[in-house]
file target_22.txt (compact mmCIF, C-alpha atoms)
# COMPACT_ATOMS: atom_id res chain seq x y z
CA MET A 305 186.34 -17.79 68.15
CA ASN A 306 185.83 -16.91 64.49
CA LYS A 307 182.55 -17.52 62.67
CA TYR A 308 183.84 -20.70 61.03
CA LEU A 309 184.72 -22.25 64.37
CA GLN A 310 181.34 -21.16 65.73
CA GLN A 311 179.59 -22.87 62.82
CA LEU A 312 181.55 -26.06 63.33
CA SER A 313 181.10 -26.00 67.09
CA VAL A 314 177.35 -26.01 66.52
CA LEU A 315 177.73 -28.97 64.18
CA VAL A 316 180.06 -30.91 66.43
CA GLY A 317 177.95 -30.08 69.47
CA ALA A 318 175.21 -32.17 67.97
CA VAL A 319 177.60 -35.11 67.60
CA GLY A 320 177.29 -36.00 71.29
CA LEU A 321 173.56 -36.53 70.90
CA MET A 322 174.06 -38.34 67.60
CA VAL A 323 176.72 -40.59 69.12
CA GLY A 324 174.40 -41.56 71.95
CA SER A 325 171.62 -42.29 69.52
CA ALA A 326 173.91 -44.25 67.20
CA MET A 327 175.31 -46.25 70.11
CA ALA A 328 171.82 -47.08 71.34
CA GLN A 329 170.85 -48.26 67.90
CA GLY A 330 174.09 -50.12 67.33
CA GLY A 331 175.13 -47.70 64.60
CA MET A 332 178.63 -47.13 66.01
CA ARG A 333 181.13 -49.45 67.66
CA TYR A 334 182.36 -48.94 71.19
CA GLU A 335 186.04 -48.84 70.11
CA VAL A 336 185.21 -45.74 68.00
CA ILE A 337 182.85 -44.12 70.48
CA LYS A 338 185.33 -44.31 73.37
CA PRO A 339 188.15 -42.16 71.86
CA LEU A 340 185.59 -39.92 70.11
CA ALA A 341 183.77 -39.15 73.35
CA ALA A 342 187.11 -38.53 75.10
CA ALA A 343 188.14 -36.17 72.31
CA GLN A 344 184.93 -34.21 72.72
CA GLU A 345 185.55 -33.90 76.44
CA ALA A 346 189.06 -32.67 75.67
CA LEU A 347 187.60 -30.04 73.32
CA LYS A 348 185.32 -28.79 76.10
CA SER A 349 188.43 -28.18 78.20
CA ASN A 350 190.19 -26.53 75.24
CA GLN A 351 192.72 -29.38 75.12
CA ASN A 352 192.79 -29.37 71.35
CA GLU A 353 196.08 -31.22 70.75
CA GLN A 354 194.97 -33.99 73.07
CA ALA A 355 191.68 -34.17 71.17
CA LEU A 356 193.54 -34.59 67.87
CA GLY A 357 195.57 -37.46 69.37
CA LEU A 358 192.43 -39.22 70.55
CA LEU A 359 190.83 -38.76 67.14
CA ARG A 360 193.83 -40.41 65.50
CA ASP A 361 193.12 -43.40 67.72
CA ALA A 362 189.52 -43.40 66.52
CA LEU A 363 190.59 -43.19 62.88
CA ALA A 364 192.98 -46.11 63.41
CA VAL A 365 190.08 -48.46 64.14
CA PRO A 366 189.87 -50.91 61.20
CA GLN A 367 187.09 -50.69 58.63
CA LEU A 368 185.37 -47.49 59.83
CA THR A 369 181.84 -47.15 58.59
CA SER A 370 180.91 -43.95 56.78
CA LEU A 371 178.87 -42.85 59.81
CA GLU A 372 181.77 -43.47 62.20
CA LYS A 373 184.19 -41.59 59.97
CA SER A 374 181.89 -38.58 59.60
CA MET A 375 181.45 -38.37 63.38
CA VAL A 376 185.22 -38.40 63.90
CA MET A 377 185.87 -35.91 61.10
CA ARG A 378 183.40 -33.36 62.46
CA THR A 379 185.31 -33.31 65.73
CA GLN A 380 188.71 -33.28 63.99
CA ALA A 381 187.65 -30.27 61.93
CA VAL A 382 186.97 -28.18 65.05
CA ALA A 383 190.13 -29.28 66.86
CA ALA A 384 192.35 -28.70 63.81
CA LEU A 385 190.92 -25.25 63.12
CA ARG A 386 191.38 -24.24 66.74
CA VAL A 387 195.11 -25.02 66.62
CA GLN A 388 195.42 -23.83 63.01
CA LYS A 389 196.53 -27.18 61.65
CA TRP A 390 195.16 -26.41 58.22
CA ASP A 391 196.15 -29.70 56.55
CA ALA A 392 194.22 -31.70 59.14
CA ALA A 393 191.30 -29.28 58.93
CA VAL A 394 191.12 -29.56 55.14
CA GLU A 395 191.35 -33.36 55.32
CA ALA A 396 188.43 -33.50 57.74
CA LEU A 397 186.28 -30.95 55.96
CA GLU A 398 186.79 -32.47 52.51
CA SER A 399 185.76 -35.82 53.92
CA LEU A 400 182.62 -34.28 55.43
CA VAL A 401 181.42 -32.36 52.37
CA GLY A 402 181.75 -35.54 50.32
CA SER A 403 179.98 -37.74 52.86
CA SER A 404 176.44 -38.97 52.29
CA ASP A 405 176.02 -39.21 56.07
CA VAL A 406 176.27 -35.45 56.46
CA PRO A 407 172.90 -33.71 55.90
CA GLN A 408 172.84 -31.32 52.95
CA THR A 409 171.82 -28.46 55.25
CA ASP A 410 175.10 -28.93 57.17
CA LYS A 411 177.30 -28.82 54.10
CA ARG A 412 177.11 -25.09 53.37
CA PRO A 413 178.78 -24.01 56.65
CA LEU A 414 181.25 -26.88 56.24
CA LEU A 415 182.15 -25.58 52.77
CA GLU A 416 182.66 -22.06 54.15
CA SER A 417 185.02 -23.49 56.76
CA LEU A 418 186.80 -25.56 54.09
CA ILE A 419 187.30 -22.50 51.90
CA ASN A 420 188.65 -20.55 54.87
CA ALA A 421 191.09 -23.35 55.74
CA SER A 422 192.21 -23.59 52.10
CA LEU A 423 192.89 -19.85 52.10
CA GLN A 424 195.00 -20.22 55.23
CA LEU A 425 196.82 -23.11 53.54
CA LYS A 426 197.50 -20.79 50.55
CA ASP A 427 196.03 -23.34 48.17
CA PRO A 428 194.25 -21.28 45.45
CA ALA A 429 193.23 -24.33 43.42
CA ARG A 430 191.34 -25.74 46.41
CA VAL A 431 189.76 -22.38 47.15
CA VAL A 432 188.47 -22.12 43.59
CA LYS A 433 187.20 -25.72 43.53
CA TRP A 434 185.20 -25.48 46.75
CA SER A 435 184.05 -21.92 46.15
CA ARG A 436 182.54 -22.98 42.84
CA GLN A 437 180.70 -25.84 44.56
CA TYR A 438 179.49 -23.53 47.33
CA LEU A 439 178.13 -20.99 44.84
CA GLN A 440 176.59 -23.66 42.60
CA GLU A 441 174.71 -25.00 45.62
CA GLY A 442 173.21 -21.58 46.30
CA GLY A 443 175.65 -20.24 48.88
CA SER A 444 175.33 -16.47 49.26
CA ASN A 445 178.27 -15.41 51.44
CA PRO A 446 179.89 -12.61 49.37
CA SER A 447 183.31 -13.29 50.85
CA VAL A 448 183.32 -16.69 49.13
CA HIS A 449 182.93 -15.16 45.67
CA LEU A 450 185.72 -12.71 46.48
CA ALA A 451 187.96 -15.55 47.71
CA MET A 452 187.37 -17.41 44.44
CA VAL A 453 188.15 -14.35 42.29
CA GLN A 454 191.31 -13.50 44.21
CA SER A 455 192.47 -17.12 44.11
CA LEU A 456 191.95 -17.24 40.34
CA ALA A 457 194.11 -14.12 40.06
CA ALA A 458 196.73 -15.55 42.42
CA SER A 459 197.03 -18.64 40.22
CA GLY A 460 197.42 -16.51 37.08
CA GLN A 461 193.99 -17.29 35.61
CA HIS A 462 193.36 -13.66 34.66
CA ALA A 463 191.10 -14.40 31.68
CA GLU A 464 188.88 -16.44 33.99
CA VAL A 465 188.84 -13.56 36.50
CA VAL A 466 187.56 -11.26 33.76
CA LYS A 467 184.85 -13.76 32.78
CA VAL A 468 183.71 -14.36 36.36
CA VAL A 469 183.71 -10.73 37.51
CA LEU A 470 182.00 -9.39 34.37
CA GLU A 471 179.20 -11.90 34.99
CA LYS A 472 179.05 -10.74 38.62
CA ILE A 473 178.84 -7.11 37.47
CA ARG A 474 175.96 -8.04 35.14
CA LEU A 475 174.07 -9.84 37.90
CA ASP A 476 174.70 -7.02 40.38
CA ALA A 477 173.44 -4.45 37.89
CA SER A 478 170.26 -6.46 37.36
CA THR A 479 169.49 -6.13 41.08
CA ALA A 480 170.75 -2.53 41.44
CA LYS A 481 173.71 -3.61 43.57
CA LYS A 482 177.24 -2.27 43.50
CA THR A 483 179.87 -4.88 42.76
CA PRO A 484 182.20 -4.99 45.79
CA GLU A 485 185.30 -2.84 45.50
CA PRO A 486 187.82 -5.68 46.10
CA GLU A 487 186.36 -7.63 43.16
CA LEU A 488 186.59 -4.60 40.88
CA ARG A 489 190.17 -4.04 42.02
CA THR A 490 191.02 -7.65 41.22
CA LEU A 491 189.39 -7.25 37.80
CA ALA A 492 191.51 -4.16 37.14
CA ILE A 493 194.68 -6.05 38.10
CA SER A 494 193.77 -8.92 35.79
CA TYR A 495 193.10 -6.55 32.89
CA ARG A 496 196.51 -5.00 33.52
CA GLN A 497 198.15 -8.43 33.54
CA LEU A 498 196.40 -9.20 30.25
CA LYS A 499 197.64 -5.85 28.86
CA ASP A 500 194.04 -4.87 28.13
CA ASP A 501 194.22 -1.08 28.57
CA VAL A 502 190.60 -0.50 27.55
CA GLY A 503 189.32 -2.99 30.12
CA TYR A 504 191.65 -1.59 32.77
CA VAL A 505 190.57 2.02 32.25
CA ASN A 506 186.88 1.12 32.14
CA THR A 507 187.21 -0.80 35.41
CA LEU A 508 189.16 2.07 36.95
CA LYS A 509 186.35 4.45 36.03
CA GLN A 510 183.80 2.05 37.53
CA LEU A 511 185.84 2.02 40.74
CA LEU A 512 185.98 5.80 40.68
CA SER A 513 182.25 6.06 40.11
CA ASN A 514 181.25 3.60 42.84
CA TYR A 515 184.07 4.06 45.35
CA PRO A 516 185.59 7.52 44.71
CA SER A 517 188.93 8.13 46.36
CA LYS A 518 191.89 10.42 45.97
CA ALA A 519 194.02 7.52 44.73
CA TYR A 520 191.56 6.50 42.00
CA TRP A 521 191.27 10.12 40.85
CA ALA A 522 195.06 10.40 40.66
CA GLU A 523 195.30 7.22 38.56
CA VAL A 524 192.50 8.20 36.16
CA LEU A 525 193.77 11.76 35.66
CA GLY A 526 197.38 10.63 35.37
CA ARG A 527 196.48 8.21 32.58
CA MET A 528 194.30 10.80 30.89
CA SER A 529 197.14 13.33 30.82
CA GLN A 530 199.24 10.81 28.87
CA GLN A 531 196.56 10.01 26.30
CA VAL A 532 197.45 10.40 22.65
CA GLY A 533 195.24 13.07 21.10
CA LEU A 534 194.55 14.96 24.33
CA ASN A 535 193.16 18.40 23.43
CA ALA A 536 195.85 20.81 24.66
CA ARG A 537 193.27 23.59 25.00
CA LEU A 538 191.65 21.60 27.79
CA GLU A 539 194.83 20.82 29.71
CA LEU A 540 193.99 23.56 32.21
CA ASP A 541 190.66 21.82 32.84
CA LEU A 542 192.55 18.62 33.60
CA TYR A 543 194.52 20.50 36.25
CA ARG A 544 191.29 21.93 37.62
CA LEU A 545 190.08 18.39 38.22
CA LEU A 546 193.42 17.49 39.76
CA GLU A 547 193.01 20.38 42.19
CA GLN A 548 189.33 19.63 42.84
CA THR A 549 190.20 16.05 43.88
CA ASP A 550 193.06 17.18 46.16
CA ASN A 551 195.75 15.68 43.95
CA MET A 552 197.96 18.75 43.46
CA GLU A 553 201.03 17.65 45.35
CA ASP A 554 204.27 19.05 43.91
CA ALA A 555 205.69 22.37 42.79
CA ALA A 556 205.74 21.41 39.10
CA GLU A 557 201.96 20.86 39.12
CA TYR A 558 201.25 24.23 40.73
CA MET A 559 203.59 26.01 38.36
CA GLU A 560 202.21 24.28 35.28
CA MET A 561 198.60 25.03 36.21
CA ALA A 562 199.45 28.68 36.87
CA ALA A 563 201.33 28.94 33.57
CA LEU A 564 198.38 27.44 31.69
CA ALA A 565 196.00 29.90 33.35
CA LEU A 566 198.24 32.80 32.33
CA LYS A 567 198.43 31.47 28.78
CA ALA A 568 194.62 31.35 28.71
CA GLY A 569 194.48 34.99 29.80
CA LEU A 570 193.28 34.19 33.34
CA PRO A 571 195.81 35.79 35.71
CA ALA A 572 193.40 35.74 38.66
CA GLU A 573 193.34 31.94 38.55
CA ALA A 574 197.12 31.82 38.19
CA ILE A 575 197.56 33.99 41.28
CA ARG A 576 195.09 31.91 43.31
CA VAL A 577 196.89 28.68 42.43
CA LEU A 578 200.32 30.16 43.15
CA ASN A 579 199.18 31.62 46.47
CA LYS A 580 197.79 28.21 47.40
CA GLY A 581 201.18 26.65 46.62
CA PHE A 582 203.03 29.27 48.66
CA ASP A 583 200.61 28.90 51.60
CA ALA A 584 201.08 25.11 51.56
CA GLY A 585 204.87 25.53 51.68
CA ILE A 586 205.25 23.81 48.31
CA LEU A 587 206.32 26.92 46.40
CA GLY A 588 208.79 29.59 47.45
CA LYS A 589 211.61 27.33 48.57
CA GLY A 590 214.47 25.37 47.08
CA ALA A 591 216.51 26.14 43.99
CA ASP A 592 213.45 27.34 42.03
CA SER A 593 212.18 29.73 44.69
CA ALA A 594 213.02 32.81 42.58
CA VAL A 595 211.20 31.31 39.57
CA HIS A 596 208.08 30.76 41.68
CA THR A 597 208.16 34.35 42.94
CA LYS A 598 208.71 35.79 39.47
CA LEU A 599 205.74 33.93 38.02
CA ARG A 600 203.50 35.28 40.76
CA THR A 601 204.81 38.82 40.20
CA ASP A 602 204.15 38.51 36.46
CA ALA A 603 200.63 37.23 37.12
CA GLN A 604 199.89 40.10 39.50
CA LYS A 605 201.06 42.62 36.89
CA LYS A 606 198.90 40.99 34.21
CA LEU A 607 195.87 41.01 36.52
CA ARG A 608 196.23 44.78 37.12
CA GLU A 609 196.34 45.32 33.38
CA ASP A 610 193.32 43.09 32.74
CA ASP A 611 191.24 44.66 35.52
CA ALA A 612 191.25 47.93 33.62
CA LEU A 613 190.03 46.20 30.46
CA PHE A 614 187.48 43.78 31.91
CA VAL A 615 184.82 46.38 32.70
CA GLN A 616 184.81 47.47 29.07
CA LEU A 617 184.79 43.84 27.87
CA GLU A 618 181.65 43.09 29.87
CA LYS A 619 179.90 46.28 28.78
CA SER A 620 180.57 45.61 25.10
CA ALA A 621 179.78 41.89 25.13
CA LYS A 622 177.08 41.10 22.60
CA ASP A 623 177.93 37.79 20.94
CA GLY A 624 178.64 34.25 22.06
CA ALA A 625 182.43 34.56 21.97
CA SER A 626 182.55 37.76 24.03
CA TRP A 627 180.11 36.46 26.63
CA ALA A 628 182.16 33.23 26.89
CA ALA A 629 185.27 35.38 27.54
CA VAL A 630 183.39 37.27 30.27
CA GLY A 631 182.34 33.97 31.80
CA ASP A 632 185.93 32.72 31.79
CA VAL A 633 187.13 35.79 33.68
CA TYR A 634 184.44 35.41 36.33
CA PHE A 635 185.24 31.68 36.47
CA SER A 636 188.92 32.46 37.10
CA ARG A 637 187.89 34.73 39.99
CA GLN A 638 185.61 32.02 41.40
CA ASN A 639 182.59 34.25 41.02
CA TRP A 640 180.51 31.27 40.07
CA SER A 641 177.07 32.87 39.78
CA SER A 642 178.31 35.63 37.45
CA ALA A 643 180.24 33.08 35.42
CA HIS A 644 177.09 30.96 35.00
CA LEU A 645 175.02 33.95 33.84
CA ALA A 646 177.68 34.92 31.28
CA TYR A 647 177.93 31.35 29.95
CA VAL A 648 174.15 31.16 29.58
CA LYS A 649 174.21 34.37 27.50
CA ALA A 650 177.05 32.95 25.42
CA ILE A 651 175.07 29.79 24.63
CA GLU A 652 171.90 31.72 23.94
CA SER A 653 173.77 34.08 21.59
CA GLY A 654 174.98 31.12 19.52
CA GLY A 655 177.78 31.09 16.98
CA LEU A 656 180.24 29.47 19.40
CA ARG A 657 183.24 27.74 17.85
CA ARG A 658 183.82 25.66 20.97
CA GLU A 659 180.46 25.23 22.60
CA HIS A 660 181.73 22.13 24.43
CA GLU A 661 184.16 24.30 26.42
CA VAL A 662 181.46 26.78 27.41
CA ARG A 663 179.08 24.05 28.52
CA LEU A 664 181.85 22.30 30.47
CA HIS A 665 182.86 25.51 32.25
CA ASP A 666 179.24 26.44 32.94
CA ALA A 667 178.69 23.01 34.50
CA ILE A 668 181.76 23.43 36.71
CA SER A 669 180.43 26.83 37.85
CA LEU A 670 177.13 25.19 38.74
CA ILE A 671 178.89 22.42 40.68
CA GLN A 672 180.86 25.00 42.64
CA SER A 673 177.55 26.78 43.37
CA ASP A 674 176.13 23.46 44.63
CA GLN A 675 173.60 23.31 41.79
CA LYS A 676 174.50 19.75 40.93
CA ALA A 677 171.29 18.70 39.17
CA ALA A 678 171.59 21.62 36.74
CA ALA A 679 175.30 20.85 36.33
CA ARG A 680 174.55 17.26 35.34
CA GLN A 681 172.09 18.44 32.71
CA GLN A 682 174.73 20.74 31.23
CA LEU A 683 177.43 18.09 31.33
CA ALA A 684 175.18 15.70 29.40
CA LYS A 685 175.14 18.24 26.55
CA VAL A 686 178.93 18.39 26.18
CA SER A 687 179.80 16.91 22.80
CA GLY A 688 181.99 17.33 19.75
CA ASP A 689 185.38 16.87 21.43
CA VAL A 690 186.70 13.60 22.88
CA THR A 691 188.69 15.26 25.68
CA ALA A 692 185.78 17.51 26.66
CA VAL A 693 183.37 14.57 26.75
CA GLU A 694 185.73 12.58 28.95
CA LEU A 695 186.21 15.53 31.31
CA ALA A 696 182.44 15.99 31.45
CA ALA A 697 182.03 12.33 32.44
CA LEU A 698 184.51 12.80 35.28
CA TRP A 699 182.85 16.02 36.51
CA THR A 700 179.54 14.13 36.41
CA ILE A 701 180.94 11.77 39.03
CA LEU A 702 181.70 14.79 41.23
CA ALA A 703 178.25 16.23 40.58
CA ARG A 704 176.33 13.31 42.07
call {"tool": "encode", "arguments": {"input": "target_22.txt", "output": "structure tokens"}}
result
Amino acid sequence: MNKYLQQLSVLVGAVGLMVGSAMAQGGMRYEVIKPLAAAQEALKSNQNEQALGLLRDALAVPQLTSLEKSMVMRTQAVAALRVQKWDAAVEALESLVGSSDVPQTDKRPLLESLINASLQLKDPARVVKWSRQYLQEGGSNPSVHLAMVQSLAASGQHAEVVKVVLEKIRLDASTAKKTPEPELRTLAISYRQLKDDVGYVNTLKQLLSNYPSKAYWAEVLGRMSQQVGLNARLELDLYRLLEQTDNMEDAAEYMEMAALALKAGLPAEAIRVLNKGFDAGILGKGADSAVHTKLRTDAQKKLREDDALFVQLEKSAKDGASWAAVGDVYFSRQNWSSAHLAYVKAIESGGLRREHEVRLHDAISLIQSDQKAAARQQLAKVSGDVTAVELAALWTILAR
């Protein structure tokens, strides 16, 4: 029995006592009490259809008083919900929530049951109407707010969804709560339907921040890669995030990341990425197998050449640019501690043309060394380039 039926069973269970009391006081007529009592006996035996038939007899009695009708409707609500006759359930529940004979304390569970029945009936207008009343009367079941939001979206009221969910986000923030993921997802869908790209992306980032998942990362990074004005120098860093979030899935992505690493003068990173693709069975097969192999061979040759020069580069490093280059080489070899030390020297030396890149790469090195607090401090200092700032914000999510 679901929670709504349990709630109603408690309510209807009290009807037997109330009927006896009402009968003793002359508050109900015998011709109503007789089929009502029989219906309740049928419910006890799980004879729900028979109970509904008996209740129809009770409802057919002329000139029912409000008390008589509320007694019958309580029982009808349980019987109808049990056999999933949603029209009959809604009829009974709507009658009850509008009845002055039903105590106010009973109306909240009745409203929850009414909203549930309206959902089953696929009647979004009803869901919204009764959800609003439930919330206005102080109801706190979070599933009701979600039902209202999703029903607004289902009926095409996307501007209203935005209004309602943004208010919910504000209230949740004021009490240090996370807005539930399904509500944020519905907000994102409504923004998309309204063709509000700014709202959609902001909501997507909120989802990513509060409920990180591979799918959200893929969506955020995919949209970022298509942004007008993306700094091409930082495209390799975009691929690094793609890899970090386990979203490298096809040969083209592995090949592009490796090619970008080679272009940046980082053959060690290119080889690592290519080897990962070969080991996963993504590279080294199909019509482009020879192309994959050639790129790895070229990267290996370049690495041998660079190895001979790197020792001298590190020994002669004395300004910000040269120390940044040393840090990049160590970064590409995943020697995170040495990379961090080189980046610190680069920043301390000053004169950097692209300090935002150095700080971003230093922060990534710290994250990979599990020094997340220090990484967040460095990421907060990334400035001066829109793409770098956005990448820093995304790495900050990973550094929590």
call {"tool": "residues_around", "arguments": {"input": "target_22.txt", "residues": "range 689-701 of chain A", "least_positions_apart": "3", "cutoff": "10 Å", "atoms": "all atoms listed in the file", "output": "compact mmCIF listing (two decimals) with C-alpha atoms, in the frame of the given file"}}
result
# COMPACT_ATOMS: atom_id res chain seq x y z
CA LYS A 509 186.35 4.45 36.03
CA LEU A 512 185.98 5.80 40.68
CA SER A 513 182.25 6.06 40.11
CA ASN A 514 181.25 3.60 42.84
CA PRO A 516 185.59 7.52 44.71
CA TRP A 521 191.27 10.12 40.85
CA VAL A 524 192.50 8.20 36.16
CA LEU A 525 193.77 11.76 35.66
CA MET A 528 194.30 10.80 30.89
CA GLN A 531 196.56 10.01 26.30
CA GLY A 533 195.24 13.07 21.10
CA LEU A 534 194.55 14.96 24.33
CA ASN A 535 193.16 18.40 23.43
CA ALA A 536 195.85 20.81 24.66
CA ARG A 537 193.27 23.59 25.00
CA LEU A 538 191.65 21.60 27.79
CA GLU A 539 194.83 20.82 29.71
CA ASP A 541 190.66 21.82 32.84
CA LEU A 542 192.55 18.62 33.60
CA LEU A 545 190.08 18.39 38.22
CA GLN A 548 189.33 19.63 42.84
CA ARG A 658 183.82 25.66 20.97
CA GLU A 659 180.46 25.23 22.60
CA HIS A 660 181.73 22.13 24.43
CA GLU A 661 184.16 24.30 26.42
CA ARG A 663 179.08 24.05 28.52
CA LEU A 664 181.85 22.30 30.47
CA HIS A 665 182.86 25.51 32.25
CA ALA A 667 178.69 23.01 34.50
CA ILE A 668 181.76 23.43 36.71
CA ILE A 671 178.89 22.42 40.68
CA LYS A 676 174.50 19.75 40.93
CA ALA A 677 171.29 18.70 39.17
CA ALA A 679 175.30 20.85 36.33
CA ARG A 680 174.55 17.26 35.34
CA GLN A 681 172.09 18.44 32.71
CA GLN A 682 174.73 20.74 31.23
CA LEU A 683 177.43 18.09 31.33
CA ALA A 684 175.18 15.70 29.40
CA LYS A 685 175.14 18.24 26.55
CA VAL A 686 178.93 18.39 26.18
CA ARG A 704 176.33 13.31 42.07
call {"tool": "atom_distance", "arguments": {"input": "target_22.txt", "atom1": "CA of Tyr520 in chain A", "atom2": "CA of Lys499 in chain A"}}
result
19.0 Å
call {"tool": "atom_distance", "arguments": {"input": "target_22.txt", "atom1": "CA of Leu356 in chain A", "atom2": "CA of Arg412 in chain A"}}
result
23.9 Å
call {"tool": "residues_around", "arguments": {"input": "target_22.txt", "residues": "range 612-626 of chain A", "least_positions_apart": "4", "cutoff": "12 Å", "atoms": "all atoms listed in the file", "output": "PDB file with C-alpha atoms, in the frame of the given file"}}
result
ATOM      1  CA  GLY A 569     194.480  34.990  29.800  1.00  0.00           C
ATOM      2  CA  LEU A 570     193.280  34.190  33.340  1.00  0.00           C
ATOM      3  CA  LYS A 605     201.060  42.620  36.890  1.00  0.00           C
ATOM      4  CA  LYS A 606     198.900  40.990  34.210  1.00  0.00           C
ATOM      5  CA  LEU A 607     195.870  41.010  36.520  1.00  0.00           C
ATOM      6  CA  ARG A 608     196.230  44.780  37.120  1.00  0.00           C
ATOM      7  CA  VAL A 630     183.390  37.270  30.270  1.00  0.00           C
ATOM      8  CA  GLY A 631     182.340  33.970  31.800  1.00  0.00           C
ATOM      9  CA  ASP A 632     185.930  32.720  31.790  1.00  0.00           C
ATOM     10  CA  VAL A 633     187.130  35.790  33.680  1.00  0.00           C
ATOM     11  CA  TYR A 634     184.440  35.410  36.330  1.00  0.00           C
ATOM     12  CA  SER A 642     178.310  35.630  37.450  1.00  0.00           C
ATOM     13  CA  ALA A 643     180.240  33.080  35.420  1.00  0.00           C
ATOM     14  CA  LEU A 645     175.020  33.950  33.840  1.00  0.00           C
ATOM     15  CA  ALA A 646     177.680  34.920  31.280  1.00  0.00           C
ATOM     16  CA  TYR A 647     177.930  31.350  29.950  1.00  0.00           C
ATOM     17  CA  VAL A 648     174.150  31.160  29.580  1.00  0.00           C
ATOM     18  CA  LYS A 649     174.210  34.370  27.500  1.00  0.00           C
ATOM     19  CA  ALA A 650     177.050  32.950  25.420  1.00  0.00           C
ATOM     20  CA  ILE A 651     175.070  29.790  24.630  1.00  0.00           C
ATOM     21  CA  GLU A 652     171.900  31.720  23.940  1.00  0.00           C
ATOM     22  CA  SER A 653     173.770  34.080  21.590  1.00  0.00           C
ATOM     23  CA  GLY A 654     174.980  31.120  19.520  1.00  0.00           C
ATOM     24  CA  GLY A 655     177.780  31.090  16.980  1.00  0.00           C
ATOM     25  CA  LEU A 656     180.240  29.470  19.400  1.00  0.00           C
ATOM     26  CA  ARG A 657     183.240  27.740  17.850  1.00  0.00           C
ATOM     27  CA  ARG A 658     183.820  25.660  20.970  1.00  0.00           C
ATOM     28  CA  GLU A 659     180.460  25.230  22.600  1.00  0.00           C
ATOM     29  CA  GLU A 661     184.160  24.300  26.420  1.00  0.00           C
ATOM     30  CA  VAL A 662     181.460  26.780  27.410  1.00  0.00           C
TER      31      VAL A 662
END
call {"tool": "residues_around", "arguments": {"input": "target_22.txt", "residues": "Gln344 in chain A", "least_positions_apart": "3", "cutoff": "8 Å", "atoms": "only C-alpha atoms", "output": "list in words"}}
result
Gly320, Leu340, Ala341, Leu347, Lys348, Ala355 and Thr379 of chain A
call {"tool": "atom_distance", "arguments": {"input": "target_22.txt", "atom1": "CA of Glu416 in chain A", "atom2": "CA of Gly331 in chain A"}}
result
28.7 Å
call {"tool": "closest_residue", "arguments": {"input": "target_22.txt", "among": "A:Leu385, A:Ala556, A:Ala522, A:Ala346", "to": "Gln424 in chain A", "atoms": "all atoms listed in the file"}}
result
A:Leu385
call {"tool": "closest_residue", "arguments": {"input": "target_22.txt", "among": "A:Lys518, A:Arg527, A:Lys482, A:Lys467", "to": "Glu553 in chain A", "atoms": "only C-alpha atoms"}}
result
A:Lys518
call {"tool": "closest_residue", "arguments": {"input": "target_22.txt", "among": "A:Ser529, A:Ser422, A:Ser494, A:Asn352", "to": "Ala463 in chain A", "atoms": "all atoms listed in the file"}}
result
A:Ser494
call {"tool": "residues_around", "arguments": {"input": "target_22.txt", "residues": "Tyr543 in chain A", "least_positions_apart": "6", "cutoff": "10 Å", "atoms": "all atoms listed in the file", "output": "list in words"}}
result
Leu525, Ser529, Thr549, Asn551, Met552, Glu557, Tyr558, Glu560, Met561, Ala562, Leu564 and Ala565 of chain A
